[in-house]
Amino acid sequence: MTITANTDLSKSYDAETQAPVRKICLIVSKGSLDGVYPALIMGNGARMEGMEASIFFTFFGLNALIKSTMDHLKVATVGNPALNMAMPMLGMPITMPFPTWMGAIPGVSAFATHLMNKEMEKLDVPPVREFLQMISDSGGKIFACKLAMDMFKLKKEDLIDCVDGILTIGQFYEECAGTGTRALFT
């Protein structure tokens, strides 16, 4: 399937069916800062373009919805082969590799997190808590995975108020049903 887009994303079409893309469903399973932001950016972008957006947080992605953890998400530095992308933030070429073993050194994750937060702030990208509220306020839907909630012994009270519900995966599939809907795993 190929999506072709005009400059107005709300007029994007599936090249095979010519059905307009009307809704984006995003699944977040990683609880790191670099695992959560892609879904928030895409979900917000969909809402800004007039599309429906639903974001489903499962497994470690729930960290972004838990009141006590959401403001402390970190950049994953151990085993992250793409950290060379951060090298320009340090004034080094993007082609300079970042050895993954260095991610295990105490303080490296905190430093990488600080750098990413600083760059996001420069680009006027809001913190996770504020971003989730913006998406919710614009009509986007935010869901937590029931299985992951049960597994981690979490309750609805542990989550931020803008969570629309705790769904089974089957219920989320129903949320994603319909012509013009695209589901993406971030």
# chains A, B, ... in the order shown; residues from 1 in each chain; ligands from 1
$ residues_around --residues "Met116 (chain A)" --least-positions-apart "4" --cutoff "10 Å" --atoms "only C-alpha atoms" --output "list in words"
Leu33, Asp34, Lys74, Val75, Ala86, Met89, Ala110, Phe111, Ala112, Met120, Glu121 and Lys122 of chain A
$ select_by_dssp --residues "region 41-116 of chain A" --states "alpha helix (DSSP H)" --output "ChimeraX atom specification"
/A:41-48,108-116
$ residues_around --residues "Asp150 (chain A)" --least-positions-apart "5" --cutoff "12 Å" --atoms "only C-alpha atoms" --output "JSON list (two decimals) with N, CA and C atoms, in the first residue's frame"
[["chain", "number", "residue", "atom", "x", "y", "z"],
["A", 58, "THR", "N", 0.84, 0.70, 25.32],
["A", 58, "THR", "CA", 0.90, -0.65, 25.84],
["A", 58, "THR", "C", 2.28, -0.94, 26.42],
["A", 59, "PHE", "N", 2.39, -1.96, 27.21],
["A", 59, "PHE", "CA", 3.62, -2.37, 27.86],
["A", 59, "PHE", "C", 4.37, -1.16, 28.40],
["A", 62, "LEU", "N", 3.29, 2.64, 28.61],
["A", 62, "LEU", "CA", 2.43, 3.19, 29.66],
["A", 62, "LEU", "C", 3.16, 4.21, 30.54],
["A", 144, "ALA", "N", -5.06, 3.39, 27.25],
["A", 144, "ALA", "CA", -4.10, 2.51, 27.90],
["A", 144, "ALA", "C", -4.52, 1.06, 27.63],
["A", 145, "CYS", "N", -3.56, 0.18, 27.54],
["A", 145, "CYS", "CA", -3.79, -1.24, 27.28],
["A", 145, "CYS", "C", -4.19, -1.95, 28.57],
["A", 155, "LYS", "N", -3.75, 1.07, 38.16],
["A", 155, "LYS", "CA", -5.17, 1.42, 38.21],
["A", 155, "LYS", "C", -5.38, 2.71, 37.43],
["A", 156, "LYS", "N", -6.61, 2.97, 37.06],
["A", 156, "LYS", "CA", -6.95, 4.18, 36.31],
["A", 156, "LYS", "C", -6.45, 5.43, 37.06],
["A", 166, "ILE", "N", -9.34, 2.51, 29.21],
["A", 166, "ILE", "CA", -8.45, 1.36, 29.26],
["A", 166, "ILE", "C", -9.10, 0.30, 28.39],
["A", 167, "LEU", "N", -8.43, -0.06, 27.29],
["A", 167, "LEU", "CA", -9.03, -0.96, 26.30],
["A", 167, "LEU", "C", -8.26, -2.26, 26.17],
["A", 168, "THR", "N", -8.98, -3.32, 25.82],
["A", 168, "THR", "CA", -8.33, -4.55, 25.39],
["A", 168, "THR", "C", -7.82, -4.29, 23.97]]
$ closest_atom_pairs --of "region 108-149 of chain A" --to "region 35-53 of chain A" --cutoff "9 Å" --atoms "only C-alpha atoms" --output "Markdown table"
| residue | atom | partner | partner_atom | distance |
| --- | --- | --- | --- | --- |
| A:Val125 | CA | A:Ile41 | CA | 8.7 |
| A:Val128 | CA | A:Tyr37 | CA | 7.5 |
| A:Phe131 | CA | A:Leu40 | CA | 6.8 |
| A:Leu132 | CA | A:Leu40 | CA | 7.1 |
| A:Met134 | CA | A:Asn44 | CA | 7.8 |
| A:Ile135 | CA | A:Asn44 | CA | 5.6 |
| A:Ser138 | CA | A:Arg47 | CA | 6.7 |
| A:Gly139 | CA | A:Arg47 | CA | 7.4 |
| A:Gly140 | CA | A:Ala53 | CA | 5.0 |
| A:Lys141 | CA | A:Ala53 | CA | 6.3 |
| A:Ile142 | CA | A:Ala53 | CA | 8.6 |
$ closest_residue --among "A:Cys176, A:Ala104, A:Val78, A:Leu73" --to "Asn117 (chain A)" --atoms "only C-alpha atoms"
A:Leu73
$ residues_around --residues "Ser32 (chain A)" --least-positions-apart "6" --cutoff "10 Å" --atoms "only C-alpha atoms" --output "short mmCIF file (atom, residue, chain, number, x, y, z; two decimals) with C-alpha atoms, in the first residue's frame"
data_model
loop_
_atom_site.label_atom_id
_atom_site.label_comp_id
_atom_site.auth_asym_id
_atom_site.auth_seq_id
_atom_site.Cartn_x
_atom_site.Cartn_y
_atom_site.Cartn_z
CA PHE A 60 6.44 0.07 28.69
CA GLY A 61 4.75 2.80 26.67
CA ASN A 63 5.26 5.13 31.34
CA ALA A 64 4.10 8.12 29.30
CA MET A 70 5.73 10.62 32.67
CA HIS A 72 11.01 11.39 33.94
CA LEU A 73 11.24 9.54 30.61
CA LYS A 74 14.80 8.96 29.44
CA VAL A 75 16.55 8.47 26.10
CA ALA A 76 17.48 4.81 25.63
CA THR A 77 21.26 4.74 25.23
CA THR A 113 18.03 12.94 27.82
#
$ residues_around --residues "Lys67 (chain A)" --least-positions-apart "3" --cutoff "8 Å" --atoms "only C-alpha atoms" --output "number ranges by chain"
A: 70-71, 158-160
$ residues_around --residues "Asn84 (chain A)" --least-positions-apart "6" --cutoff "6 Å" --atoms "only C-alpha atoms" --output "number ranges by chain"
A: 94, 97-98
